[in-house]
Structures are given as C-alpha cells and as structure tokens.
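In what follows, a structure is listed as structure tokens, so that the remarks can point back to it.
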Protein chains: 2
Amino acid sequence: MTGRLAIVGLGPGAGEMLTPQANAELARASDVLGYTTYLARVPLRPRQQRHASDNREEIARARHALELAAAGREVAIVSSGDPGVFAMAAAVFEAIETGDPVWRDVDVIVVPGISAMLAAAARLGAPLGHDFCVISLSDNLKPWETVVRRLEAALAADFVIALYNPVSKARPWQLGAALDLARAHRPPATPVIFATAVSRPDETIEIADLRAADPARADMRTLVLIGSSATRLVARPSGQPWVYTPRSAPQDSP
Amino acid sequence: MTGRLAIVGLGPGAGEMLTPQANAELARASDVLGYTTYLARVPLRPRQQRHASDNREEIARARHALELAAAGREVAIVSSGDPGVFAMAAAVFEAIETGDPVWRDVDVIVVPGISAMLAAAARLGAPLGHDFCVISLSDNLKPWETVVRRLEAALAADFVIALYNPVSKARPWQLGAALDLARAHRPPATPVIFATAVSRPDETIEIADLRAADPARADMRTLVLIGSSATRLVARPSGQPWVYTPRSAPQDSP
C-alpha cells in the first residue's frame, strides 16, 4: 500500500498568503511533519498526527515522511515560504534518490508557496524587477569558497542579490564578509534591505545603504537584498521610500 | 481624494494557486487593468470596470492605473505570476518616479503571487533547490551584451538559471544563442527544462539535455530552466523523472 506525500509551502506566515492548494493539502493529511516553528503555524485538525523536529534534521525528516507515505499514510511535510527554495523539497528528492527503492513509487506532489524573497520584495516595491540572483549564505553544505565565487560573479555582472540564511548562531561572520565583498563592487549608496519575519506580527523592514549596512540587523528570519547599480529609492510623503529596480538597463550599465 | 492601487499577482493560472490576499483585492476593486490575456483569468464582478491593453503597453497601463487611483478609485492592476518579477510592479514605480507628484500619495500595495519559476520548479521536483539566477532574455529594454554578460557570469559560477521571456515573434534567436553559451560552460547531459503554461489546461513540461535542447520548444508562455553541474534526474516507475538540485555542493564543484 502506497500513500501520498505533499511537500507544502506555507508562504511567509500570514494566512492571506497561504494558497488554497496548500490549505487543501494540509486539510487532507493524516500526518504533518516539519520544523517545530513552522508546524506551529498550521492549524491543528482532528485525527491528524504531528511530527515536529529540529531545523537541522531535514534529511531525517524527509525519510520519516517517505516511510509514512510508503506505509499508506497521507503525509504533508511543510516549509516556510516555498519548499523548492533552500527548503524541504530538495531534501525529499535527495532522500528518494539515496533511499529505499519503494520510495520512488510514492505519489509526491510539491505545492509552491510565496517565497520569502517575493514577500519581502512586495513590501518594498519592486527590488526584484530586473535580473537577480538567489544565494544561500550557509556554508554548512557547501564550501565558503563557492559562496564567494558566486557572490563575486553576481556582483560583477550587476545582478540584484537575494541572500537566504544570512546568519545563524554557528555562522556569525558570513554576512559581514558578503557585504564587504559587495562594497568592493558597488557604490556606497546602493540600497541594502533587511526584511525580517515578513507578514508576521513582528515584521521589520529596514532600508540601509551599502556603506552603512550593519550585518547585526539580520537574524535567522531575515532575507537580505543587495541592489544592483540601477536599484533606486522613490520617496513618498508618508512611510519608508519605495525601492525598485527599473525594467530597463542602459547601454552604459557597468 | 486619493484612492488605492493594488498590484496583484495572479499566480501561474490555476485558481488553487491564487492567494486569498489576491482574491480579496480583486473583489474590492472598482477598476481592474491588465494585459488582455491575464484579465481574462479574473472572474467578472458586478459594477467593476475592466481596462484591457496590449502586453507591450506596461507604462501606459501603469499611468492609467495611477490616474484612476489618484481620482479616488479602488484600482487593481494584474500580472501573471508574481508582479515583482519582470512584471507590472517595476512599471508602476517607474511611472510614480517619473510622473505626476500627486501619484506619490496614492496608497499602493503589492500583492505577491506564485511566480512562473516556483510553479515550474514544483512540477519538476526541486530544480531551484540551490543557488540560482533569474534572467529575462528580452533585449527590448536592455542591450543584448548585458544579457550575455549576465548569462556568462551565471554559467561560470555554476548557478541554476531560470530564463524569463525566452522568445517572442520579434526575438526569435536569443534563446538559441543562450543555449549555445551554456554549451560552452556546462556538460552536454545538463538538464534543460521547458515549462509552458504551468497549471493551465495546456500545460506542457519537457525535460531535455543541453546537447539536444531545441529552442523551438519555447514560446512566450515558457519558463526555461538550465541546470547547474549538480542538477540531476531521479527516475521513477511511472511518469517523467524528478529533477532536483542538491542542497550540498562538494569541495570540487567546478
């Protein structure tokens, strides 16, 4: 008997950004697995089993979900944001590739969600309005040299850059190093944004410039955006300025 | 009297991927503006004005929306996918920056949507599971040299690449040129995906390899993904293989 595994994106947090598809998958599940903090966002339903785990246990959680599904359960495994962007989907497919061959028969569905970068960009205006790169600053699973090589390529080619996993207790210095690299490529006035807990009650959005950007403004819940040479602010009478990157790039773009 | 302008992401097409926030904004609007094809996806509501326009008229549409909002209307302007990714949000902020100063008083909200790349990735597995770049292949608003420079940087630094606007009647050769560039950097077996009209009735997903990838498989509705050196296929007993990019990058990654 083979069940089903839905890898569900919860979006950034607010219920108004949870898709009907994600909601339907959570409603039909017999078992819901996830990092404790994300699981707490899912309304408890009768006769549903919950399996919370630490955020560093992605592969173990993926295997547990596949075991349950292979035994005939209807399983949902949840991620914040979109499950395909530095989240659970890649862990599940890695578990399938390297695990019990019967797991390849499990009916797997990936349910996209509003990712942290899209939610943050919407709050700011349109900072991702032109070509951009998305980089995880975590060097838990890749060498720091690879991070540096990708940052330098993105900076040199004038992409807007979205940084996931900017900092953790075990990785305190990487964001500072990334901002230092950016200072070698981009003007001091380049907008840098710290978007934390977007759409949740403790949301904060800070707009800095590259000269003054302080890596201490970021925590594990922060998405950091570094503008391209074209990214600009538009002042408004009340509230923070808008931040956007124009659709056009001039001939003399650096 | 100043009204309100919501820049609304419709997601890729299926109603199950339209967020409650987007739905609420469409329901409250007195006026809905958009490219004819996208407007056709929005259910018609009583007493709602609709303003359809051609897809090349983004700035004119943005100005029209701002005029209506500045006159006190409740306006929604729609984009497919996410409005912040090569879509209407950047056009609106460009119109605000360069237009009538009273437009800066308009209450503007950006409503994120499931972008084409997230929807396509979900259908495939987790191809965006690691660092990636997002590039518009259109050279209508930027020089082709800028496109080439960014493609080469992304290829050299081994990013997964998502290509928006791969082809149009006026731009028939650019995708072929981009795939030729990729062949100079990546192995012939690198997965290349053509994801067309994802979540709509005419959805097609084609998985090719870089050697055989045929640019004629793409049209205006296609999102093209080029794998990194780590992107791989996982065969399954029925259906297309899964495509995913592992969370880890080895020390000897190119």
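In the structure tokens, the first chain shown is A, the next is B, and so on; residue numbers restart at 1 for each chain, and ligands run from 1 in the order shown.
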Could you give me the residues within segment 76-244 of chain A that DSSP places in strand (DSSP E or B), as a PyMOL selection string? chain A and resi 76-79+81+107-111+125-126+132-136+160-164+168+171+191-196+204-209+222-226+232-234+242-244
Compute the set of chain A residues within 7 Å of chain B, using only C-alpha atoms, and express it as a PDB file with N, CA and C atoms, in the first residue's frame.
ATOM      1  N   GLU A  16      -3.316  35.041   4.721  1.00  0.00           N
ATOM      2  CA  GLU A  16      -3.786  35.556   3.424  1.00  0.00           C
ATOM      3  C   GLU A  16      -2.818  35.241   2.287  1.00  0.00           C
ATOM      4  N   MET A  17      -1.601  34.765   2.630  1.00  0.00           N
ATOM      5  CA  MET A  17      -0.648  34.372   1.584  1.00  0.00           C
ATOM      6  C   MET A  17      -0.498  32.852   1.465  1.00  0.00           C
ATOM      7  N   LEU A  18      -1.323  32.100   2.167  1.00  0.00           N
ATOM      8  CA  LEU A  18      -1.332  30.632   2.028  1.00  0.00           C
ATOM      9  C   LEU A  18      -2.274  30.283   0.878  1.00  0.00           C
ATOM     10  N   THR A  19      -1.793  29.536  -0.103  1.00  0.00           N
ATOM     11  CA  THR A  19      -2.648  29.262  -1.267  1.00  0.00           C
ATOM     12  C   THR A  19      -3.746  28.258  -0.908  1.00  0.00           C
ATOM     13  N   PRO A  20      -4.853  28.284  -1.640  1.00  0.00           N
ATOM     14  CA  PRO A  20      -5.893  27.259  -1.441  1.00  0.00           C
ATOM     15  C   PRO A  20      -5.342  25.844  -1.633  1.00  0.00           C
ATOM     16  N   GLN A  21      -4.410  25.669  -2.550  1.00  0.00           N
ATOM     17  CA  GLN A  21      -3.828  24.336  -2.768  1.00  0.00           C
ATOM     18  C   GLN A  21      -3.102  23.851  -1.523  1.00  0.00           C
ATOM     19  N   GLY A  84      10.670  24.727  -2.539  1.00  0.00           N
ATOM     20  CA  GLY A  84      11.726  24.461  -3.508  1.00  0.00           C
ATOM     21  C   GLY A  84      12.911  25.394  -3.411  1.00  0.00           C
ATOM     22  N   VAL A  85      12.833  26.421  -2.565  1.00  0.00           N
ATOM     23  CA  VAL A  85      13.922  27.409  -2.451  1.00  0.00           C
ATOM     24  C   VAL A  85      14.604  27.237  -1.096  1.00  0.00           C
ATOM     25  N   PHE A  86      15.741  26.575  -1.089  1.00  0.00           N
ATOM     26  CA  PHE A  86      16.512  26.318   0.143  1.00  0.00           C
ATOM     27  C   PHE A  86      15.609  25.738   1.233  1.00  0.00           C
ATOM     28  N   ALA A  89      11.977  20.516  -0.254  1.00  0.00           N
ATOM     29  CA  ALA A  89      11.791  19.714  -1.465  1.00  0.00           C
ATOM     30  C   ALA A  89      13.097  19.033  -1.890  1.00  0.00           C
ATOM     31  N   ALA A  90      14.204  19.771  -1.898  1.00  0.00           N
ATOM     32  CA  ALA A  90      15.470  19.154  -2.314  1.00  0.00           C
ATOM     33  C   ALA A  90      15.864  18.029  -1.351  1.00  0.00           C
ATOM     34  N   PHE A  93      13.849  14.864  -2.321  1.00  0.00           N
ATOM     35  CA  PHE A  93      14.307  14.173  -3.534  1.00  0.00           C
ATOM     36  C   PHE A  93      15.680  13.542  -3.321  1.00  0.00           C
ATOM     37  N   GLU A  94      16.497  14.160  -2.496  1.00  0.00           N
ATOM     38  CA  GLU A  94      17.773  13.525  -2.115  1.00  0.00           C
ATOM     39  C   GLU A  94      17.507  12.228  -1.350  1.00  0.00           C
ATOM     40  N   GLU A  97      16.341   9.616  -3.873  1.00  0.00           N
ATOM     41  CA  GLU A  97      17.430   9.140  -4.733  1.00  0.00           C
ATOM     42  C   GLU A  97      18.337   8.147  -4.005  1.00  0.00           C
ATOM     43  N   ARG A 104      10.345   5.426  -4.526  1.00  0.00           N
ATOM     44  CA  ARG A 104      10.136   6.012  -5.862  1.00  0.00           C
ATOM     45  C   ARG A 104       8.695   5.815  -6.353  1.00  0.00           C
ATOM     46  N   ASP A 105       7.967   4.893  -5.694  1.00  0.00           N
ATOM     47  CA  ASP A 105       6.559   4.680  -6.057  1.00  0.00           C
ATOM     48  C   ASP A 105       5.616   5.627  -5.322  1.00  0.00           C
ATOM     49  N   VAL A 110       4.638  18.577  -5.077  1.00  0.00           N
ATOM     50  CA  VAL A 110       5.239  19.775  -4.487  1.00  0.00           C
ATOM     51  C   VAL A 110       4.245  20.932  -4.647  1.00  0.00           C
ATOM     52  N   VAL A 111       3.921  21.574  -3.544  1.00  0.00           N
ATOM     53  CA  VAL A 111       2.933  22.662  -3.535  1.00  0.00           C
ATOM     54  C   VAL A 111       3.676  23.977  -3.316  1.00  0.00           C
ATOM     55  N   PRO A 112       3.785  24.805  -4.369  1.00  0.00           N
ATOM     56  CA  PRO A 112       4.587  26.023  -4.223  1.00  0.00           C
ATOM     57  C   PRO A 112       3.963  27.002  -3.236  1.00  0.00           C
ATOM     58  N   GLY A 113       4.805  27.871  -2.703  1.00  0.00           N
ATOM     59  CA  GLY A 113       4.350  28.905  -1.771  1.00  0.00           C
ATOM     60  C   GLY A 113       4.989  30.235  -2.106  1.00  0.00           C
ATOM     61  N   ILE A 114       4.440  31.302  -1.524  1.00  0.00           N
ATOM     62  CA  ILE A 114       5.051  32.621  -1.689  1.00  0.00           C
ATOM     63  C   ILE A 114       6.381  32.600  -0.931  1.00  0.00           C
ATOM     64  N   LEU A 118       9.907  36.941  -2.505  1.00  0.00           N
ATOM     65  CA  LEU A 118       8.768  37.595  -3.166  1.00  0.00           C
ATOM     66  C   LEU A 118       7.959  38.410  -2.158  1.00  0.00           C
ATOM     67  N   ALA A 119       7.790  37.872  -0.952  1.00  0.00           N
ATOM     68  CA  ALA A 119       7.041  38.601   0.073  1.00  0.00           C
ATOM     69  C   ALA A 119       7.782  39.869   0.488  1.00  0.00           C
ATOM     70  N   ALA A 121      10.044  41.524  -1.294  1.00  0.00           N
ATOM     71  CA  ALA A 121      10.053  42.462  -2.428  1.00  0.00           C
ATOM     72  C   ALA A 121       8.727  43.211  -2.523  1.00  0.00           C
ATOM     73  N   ALA A 122       7.631  42.519  -2.284  1.00  0.00           N
ATOM     74  CA  ALA A 122       6.310  43.160  -2.375  1.00  0.00           C
ATOM     75  C   ALA A 122       6.161  44.267  -1.331  1.00  0.00           C
ATOM     76  N   ARG A 123       6.710  44.063  -0.144  1.00  0.00           N
ATOM     77  CA  ARG A 123       6.623  45.093   0.894  1.00  0.00           C
ATOM     78  C   ARG A 123       7.421  46.351   0.521  1.00  0.00           C
ATOM     79  N   GLY A 125       8.368  47.382  -2.763  1.00  0.00           N
ATOM     80  CA  GLY A 125       8.096  47.977  -4.059  1.00  0.00           C
ATOM     81  C   GLY A 125       8.361  46.921  -5.116  1.00  0.00           C
ATOM     82  N   ALA A 126       9.487  47.063  -5.830  1.00  0.00           N
ATOM     83  CA  ALA A 126       9.840  46.072  -6.851  1.00  0.00           C
ATOM     84  C   ALA A 126      11.363  45.938  -6.966  1.00  0.00           C
ATOM     85  N   LEU A 128      13.121  43.325  -7.050  1.00  0.00           N
ATOM     86  CA  LEU A 128      13.488  42.213  -7.937  1.00  0.00           C
ATOM     87  C   LEU A 128      12.916  42.413  -9.339  1.00  0.00           C
ATOM     88  N   GLY A 129      12.728  43.685  -9.719  1.00  0.00           N
ATOM     89  CA  GLY A 129      12.114  43.983 -11.004  1.00  0.00           C
ATOM     90  C   GLY A 129      12.989  43.708 -12.205  1.00  0.00           C
ATOM     91  N   HIS A 130      14.256  43.403 -11.971  1.00  0.00           N
ATOM     92  CA  HIS A 130      15.133  43.054 -13.089  1.00  0.00           C
ATOM     93  C   HIS A 130      16.007  41.851 -12.672  1.00  0.00           C
ATOM     94  N   ASP A 131      16.926  41.449 -13.525  1.00  0.00           N
ATOM     95  CA  ASP A 131      17.703  40.221 -13.301  1.00  0.00           C
ATOM     96  C   ASP A 131      18.252  40.131 -11.874  1.00  0.00           C
ATOM     97  N   PHE A 132      18.110  38.957 -11.262  1.00  0.00           N
ATOM     98  CA  PHE A 132      18.587  38.793  -9.890  1.00  0.00           C
ATOM     99  C   PHE A 132      19.125  37.392  -9.644  1.00  0.00           C
ATOM    100  N   CYS A 133      19.942  37.280  -8.577  1.00  0.00           N
ATOM    101  CA  CYS A 133      20.492  36.003  -8.141  1.00  0.00           C
ATOM    102  C   CYS A 133      20.027  35.715  -6.728  1.00  0.00           C
ATOM    103  N   VAL A 134      19.869  34.449  -6.427  1.00  0.00           N
ATOM    104  CA  VAL A 134      19.391  33.991  -5.132  1.00  0.00           C
ATOM    105  C   VAL A 134      20.443  33.040  -4.571  1.00  0.00           C
ATOM    106  N   ILE A 135      21.023  33.426  -3.437  1.00  0.00           N
ATOM    107  CA  ILE A 135      22.178  32.699  -2.898  1.00  0.00           C
ATOM    108  C   ILE A 135      21.938  32.400  -1.424  1.00  0.00           C
ATOM    109  N   SER A 136      22.192  31.166  -1.015  1.00  0.00           N
ATOM    110  CA  SER A 136      22.209  30.841   0.412  1.00  0.00           C
ATOM    111  C   SER A 136      23.600  31.130   0.952  1.00  0.00           C
ATOM    112  N   LEU A 141      26.677  23.248   3.987  1.00  0.00           N
ATOM    113  CA  LEU A 141      26.613  22.184   2.981  1.00  0.00           C
ATOM    114  C   LEU A 141      27.397  22.504   1.718  1.00  0.00           C
ATOM    115  N   LYS A 142      28.057  23.664   1.714  1.00  0.00           N
ATOM    116  CA  LYS A 142      28.923  23.971   0.570  1.00  0.00           C
ATOM    117  C   LYS A 142      30.102  24.767   1.110  1.00  0.00           C
ATOM    118  N   PRO A 143      31.242  24.681   0.413  1.00  0.00           N
ATOM    119  CA  PRO A 143      32.410  25.423   0.905  1.00  0.00           C
ATOM    120  C   PRO A 143      32.190  26.937   0.794  1.00  0.00           C
ATOM    121  N   ARG A 149      32.698  32.753  -4.692  1.00  0.00           N
ATOM    122  CA  ARG A 149      32.772  32.754  -6.157  1.00  0.00           C
ATOM    123  C   ARG A 149      31.440  33.196  -6.758  1.00  0.00           C
ATOM    124  N   ARG A 150      30.345  32.711  -6.189  1.00  0.00           N
ATOM    125  CA  ARG A 150      29.021  33.073  -6.731  1.00  0.00           C
ATOM    126  C   ARG A 150      28.672  34.522  -6.418  1.00  0.00           C
ATOM    127  N   ALA A 153      30.641  36.703  -8.832  1.00  0.00           N
ATOM    128  CA  ALA A 153      30.069  36.659 -10.188  1.00  0.00           C
ATOM    129  C   ALA A 153      28.806  37.512 -10.260  1.00  0.00           C
ATOM    130  N   ALA A 154      27.948  37.390  -9.250  1.00  0.00           N
ATOM    131  CA  ALA A 154      26.678  38.139  -9.244  1.00  0.00           C
ATOM    132  C   ALA A 154      26.930  39.636  -9.120  1.00  0.00           C
ATOM    133  N   ALA A 157      28.478  41.083 -12.462  1.00  0.00           N
ATOM    134  CA  ALA A 157      27.531  41.167 -13.582  1.00  0.00           C
ATOM    135  C   ALA A 157      26.314  42.023 -13.234  1.00  0.00           C
ATOM    136  N   VAL A 234      12.359  55.681  -4.193  1.00  0.00           N
ATOM    137  CA  VAL A 234      11.381  56.704  -4.576  1.00  0.00           C
ATOM    138  C   VAL A 234      10.737  57.191  -3.282  1.00  0.00           C
ATOM    139  N   ARG A 236       8.315  59.014  -0.631  1.00  0.00           N
ATOM    140  CA  ARG A 236       6.877  59.299  -0.603  1.00  0.00           C
ATOM    141  C   ARG A 236       6.563  60.103   0.655  1.00  0.00           C
ATOM    142  N   PRO A 237       5.459  60.808   0.634  1.00  0.00           N
ATOM    143  CA  PRO A 237       5.176  61.738   1.744  1.00  0.00           C
ATOM    144  C   PRO A 237       5.118  61.041   3.096  1.00  0.00           C
ATOM    145  N   TYR A 244      12.861  50.129  -5.947  1.00  0.00           N
ATOM    146  CA  TYR A 244      12.586  49.343  -7.160  1.00  0.00           C
ATOM    147  C   TYR A 244      13.794  49.306  -8.077  1.00  0.00           C
ATOM    148  N   THR A 245      13.804  48.284  -8.914  1.00  0.00           N
ATOM    149  CA  THR A 245      14.841  48.134  -9.925  1.00  0.00           C
ATOM    150  C   THR A 245      14.165  48.258 -11.283  1.00  0.00           C
ATOM    151  N   PRO A 246      14.551  49.267 -12.080  1.00  0.00           N
ATOM    152  CA  PRO A 246      13.858  49.501 -13.354  1.00  0.00           C
ATOM    153  C   PRO A 246      13.953  48.308 -14.307  1.00  0.00           C
ATOM    154  N   ARG A 247      12.970  48.248 -15.176  1.00  0.00           N
ATOM    155  CA  ARG A 247      12.918  47.160 -16.162  1.00  0.00           C
ATOM    156  C   ARG A 247      13.989  47.310 -17.230  1.00  0.00           C
ATOM    157  N   SER A 248      14.474  48.527 -17.402  1.00  0.00           N
ATOM    158  CA  SER A 248      15.443  48.765 -18.471  1.00  0.00           C
ATOM    159  C   SER A 248      16.842  48.924 -17.902  1.00  0.00           C
ATOM    160  N   ALA A 249      17.822  48.472 -18.661  1.00  0.00           N
ATOM    161  CA  ALA A 249      19.224  48.690 -18.307  1.00  0.00           C
ATOM    162  C   ALA A 249      19.844  49.490 -19.435  1.00  0.00           C
ATOM    163  N   PRO A 250      20.482  50.595 -19.117  1.00  0.00           N
ATOM    164  CA  PRO A 250      21.037  51.434 -20.180  1.00  0.00           C
ATOM    165  C   PRO A 250      22.254  50.784 -20.831  1.00  0.00           C
ATOM    166  N   GLN A 251      22.596  51.303 -21.991  1.00  0.00           N
ATOM    167  CA  GLN A 251      23.768  50.794 -22.725  1.00  0.00           C
ATOM    168  C   GLN A 251      25.049  50.887 -21.898  1.00  0.00           C
TER     169      GLN A 251
END
Surrounding residues of segment 47-50 of chain B excluding itself and chain neighbours under 3 positions, 7 Å, only C-alpha atoms, as a list in words: Ala29, Ser30, Asp31, Val32 and Leu33 of chain B
Any chance you can output those residues with N, CA and C atoms as a compact mmCIF listing (two decimals), in the first residue's frame?
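Saved result, out-v7.txt, follows:
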# COMPACT_ATOMS: atom_id res chain seq x y z
N ALA B 29 -11.95 45.73 -5.87
CA ALA B 29 -11.56 46.74 -6.86
C ALA B 29 -12.77 47.30 -7.61
N SER B 30 -12.73 48.62 -7.85
CA SER B 30 -13.72 49.24 -8.74
C SER B 30 -13.27 49.14 -10.19
N ASP B 31 -11.95 49.06 -10.39
CA ASP B 31 -11.37 49.02 -11.73
C ASP B 31 -10.26 47.97 -11.75
N VAL B 32 -10.26 47.14 -12.80
CA VAL B 32 -9.19 46.15 -12.96
C VAL B 32 -8.54 46.38 -14.31
N LEU B 33 -7.20 46.53 -14.29
CA LEU B 33 -6.43 46.77 -15.50
C LEU B 33 -5.46 45.63 -15.73
Pull the helix (DSSP H, G or I) assignments for segment 4-193 of chain B out of DSSP run on the backbone, and list those residues as a PyMOL selection string. chain B and resi 15-17+20-28+36-39+58-70+88-98+101-105+116-124+144-156+174-185
Output file for the selection above: C-alpha atoms, as a PDB file, in the first residue's frame:
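Saved result, out13.pdb, follows:
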ATOM      1  CA  GLY B  15      -7.291  29.123  -9.084  1.00  0.00           C
ATOM      2  CA  GLU B  16      -5.813  26.889  -6.384  1.00  0.00           C
ATOM      3  CA  MET B  17      -2.597  28.951  -6.617  1.00  0.00           C
ATOM      4  CA  PRO B  20      -6.640  34.797  -0.548  1.00  0.00           C
ATOM      5  CA  GLN B  21      -4.973  38.225  -0.443  1.00  0.00           C
ATOM      6  CA  ALA B  22      -5.021  38.498  -4.244  1.00  0.00           C
ATOM      7  CA  ASN B  23      -8.606  37.292  -4.352  1.00  0.00           C
ATOM      8  CA  ALA B  24      -9.670  39.893  -1.769  1.00  0.00           C
ATOM      9  CA  GLU B  25      -8.001  42.706  -3.709  1.00  0.00           C
ATOM     10  CA  LEU B  26      -9.705  41.653  -6.941  1.00  0.00           C
ATOM     11  CA  ALA B  27     -13.069  41.505  -5.139  1.00  0.00           C
ATOM     12  CA  ARG B  28     -12.841  45.023  -3.710  1.00  0.00           C
ATOM     13  CA  THR B  36      -5.971  41.204 -22.172  1.00  0.00           C
ATOM     14  CA  THR B  37      -4.852  37.588 -21.695  1.00  0.00           C
ATOM     15  CA  TYR B  38      -4.321  37.961 -17.933  1.00  0.00           C
ATOM     16  CA  LEU B  39      -7.507  39.960 -17.412  1.00  0.00           C
ATOM     17  CA  GLU B  58       3.102  48.476 -19.466  1.00  0.00           C
ATOM     18  CA  ILE B  59       3.989  52.102 -18.704  1.00  0.00           C
ATOM     19  CA  ALA B  60       0.808  53.476 -20.280  1.00  0.00           C
ATOM     20  CA  ARG B  61      -1.212  50.962 -18.240  1.00  0.00           C
ATOM     21  CA  ALA B  62       0.641  51.914 -15.039  1.00  0.00           C
ATOM     22  CA  ARG B  63      -0.073  55.612 -15.634  1.00  0.00           C
ATOM     23  CA  HIS B  64      -3.713  54.922 -16.332  1.00  0.00           C
ATOM     24  CA  ALA B  65      -3.997  52.946 -13.074  1.00  0.00           C
ATOM     25  CA  LEU B  66      -2.343  55.768 -11.110  1.00  0.00           C
ATOM     26  CA  GLU B  67      -4.668  58.359 -12.656  1.00  0.00           C
ATOM     27  CA  LEU B  68      -7.702  56.321 -11.665  1.00  0.00           C
ATOM     28  CA  ALA B  69      -6.382  55.774  -8.120  1.00  0.00           C
ATOM     29  CA  ALA B  70      -5.465  59.462  -7.732  1.00  0.00           C
ATOM     30  CA  MET B  88       3.890  45.269 -13.586  1.00  0.00           C
ATOM     31  CA  ALA B  89       5.297  46.374 -10.206  1.00  0.00           C
ATOM     32  CA  ALA B  90       8.507  47.867 -11.612  1.00  0.00           C
ATOM     33  CA  ALA B  91       6.483  49.664 -14.305  1.00  0.00           C
ATOM     34  CA  VAL B  92       4.211  51.220 -11.684  1.00  0.00           C
ATOM     35  CA  PHE B  93       7.105  52.507  -9.570  1.00  0.00           C
ATOM     36  CA  GLU B  94       8.822  53.846 -12.667  1.00  0.00           C
ATOM     37  CA  ALA B  95       5.586  55.684 -13.508  1.00  0.00           C
ATOM     38  CA  ILE B  96       5.388  57.063  -9.956  1.00  0.00           C
ATOM     39  CA  GLU B  97       9.011  58.215 -10.017  1.00  0.00           C
ATOM     40  CA  THR B  98       8.699  59.992 -13.354  1.00  0.00           C
ATOM     41  CA  PRO B 101       3.831  64.207  -7.951  1.00  0.00           C
ATOM     42  CA  VAL B 102       0.328  63.536  -6.585  1.00  0.00           C
ATOM     43  CA  TRP B 103       0.802  59.876  -7.534  1.00  0.00           C
ATOM     44  CA  ARG B 104       3.257  59.555  -4.614  1.00  0.00           C
ATOM     45  CA  ASP B 105       0.265  59.977  -2.273  1.00  0.00           C
ATOM     46  CA  ALA B 116       6.282  31.046 -13.002  1.00  0.00           C
ATOM     47  CA  MET B 117       9.662  29.752 -11.817  1.00  0.00           C
ATOM     48  CA  LEU B 118       8.268  28.490  -8.497  1.00  0.00           C
ATOM     49  CA  ALA B 119       5.289  26.839 -10.191  1.00  0.00           C
ATOM     50  CA  ALA B 120       7.501  25.198 -12.816  1.00  0.00           C
ATOM     51  CA  ALA B 121      10.020  24.037 -10.225  1.00  0.00           C
ATOM     52  CA  ALA B 122       7.246  22.442  -8.157  1.00  0.00           C
ATOM     53  CA  ARG B 123       6.063  20.385 -11.137  1.00  0.00           C
ATOM     54  CA  LEU B 124       9.572  19.080 -11.733  1.00  0.00           C
ATOM     55  CA  TRP B 144      21.936  42.037 -25.628  1.00  0.00           C
ATOM     56  CA  GLU B 145      25.533  42.493 -24.417  1.00  0.00           C
ATOM     57  CA  THR B 146      24.184  42.862 -20.863  1.00  0.00           C
ATOM     58  CA  VAL B 147      22.209  39.639 -21.235  1.00  0.00           C
ATOM     59  CA  VAL B 148      25.327  37.839 -22.460  1.00  0.00           C
ATOM     60  CA  ARG B 149      27.478  39.223 -19.647  1.00  0.00           C
ATOM     61  CA  ARG B 150      24.974  38.036 -17.026  1.00  0.00           C
ATOM     62  CA  LEU B 151      24.494  34.636 -18.637  1.00  0.00           C
ATOM     63  CA  GLU B 152      28.255  34.077 -18.756  1.00  0.00           C
ATOM     64  CA  ALA B 153      28.670  35.096 -15.117  1.00  0.00           C
ATOM     65  CA  ALA B 154      25.846  32.793 -14.031  1.00  0.00           C
ATOM     66  CA  LEU B 155      27.219  29.905 -16.111  1.00  0.00           C
ATOM     67  CA  ALA B 156      30.797  30.336 -14.916  1.00  0.00           C
ATOM     68  CA  GLN B 174      18.005  34.861 -28.373  1.00  0.00           C
ATOM     69  CA  LEU B 175      17.178  31.547 -26.682  1.00  0.00           C
ATOM     70  CA  GLY B 176      19.277  29.619 -29.196  1.00  0.00           C
ATOM     71  CA  ALA B 177      22.180  31.951 -28.506  1.00  0.00           C
ATOM     72  CA  ALA B 178      21.743  31.499 -24.750  1.00  0.00           C
ATOM     73  CA  LEU B 179      21.749  27.693 -25.077  1.00  0.00           C
ATOM     74  CA  ASP B 180      24.888  27.888 -27.232  1.00  0.00           C
ATOM     75  CA  LEU B 181      26.569  29.920 -24.479  1.00  0.00           C
ATOM     76  CA  ALA B 182      25.509  27.308 -21.940  1.00  0.00           C
ATOM     77  CA  ARG B 183      27.040  24.534 -24.072  1.00  0.00           C
ATOM     78  CA  ALA B 184      30.406  26.269 -23.792  1.00  0.00           C
ATOM     79  CA  HIS B 185      30.239  26.071 -19.967  1.00  0.00           C
TER      80      HIS B 185
END
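Between atom CA of Arg217 of chain A and atom CA of Phe194 of chain A the interatomic distance comes to 6.9 Å.
The protein and nucleic acid residues lying at most 12 Å from Ala170 of chain A are A:Arg56, A:Ser138, A:Asp139, A:Asn140, A:Asn165, A:Asp219, A:Met220, with only C-alpha atoms considered and sequence neighbours fewer than 5 positions away removed.
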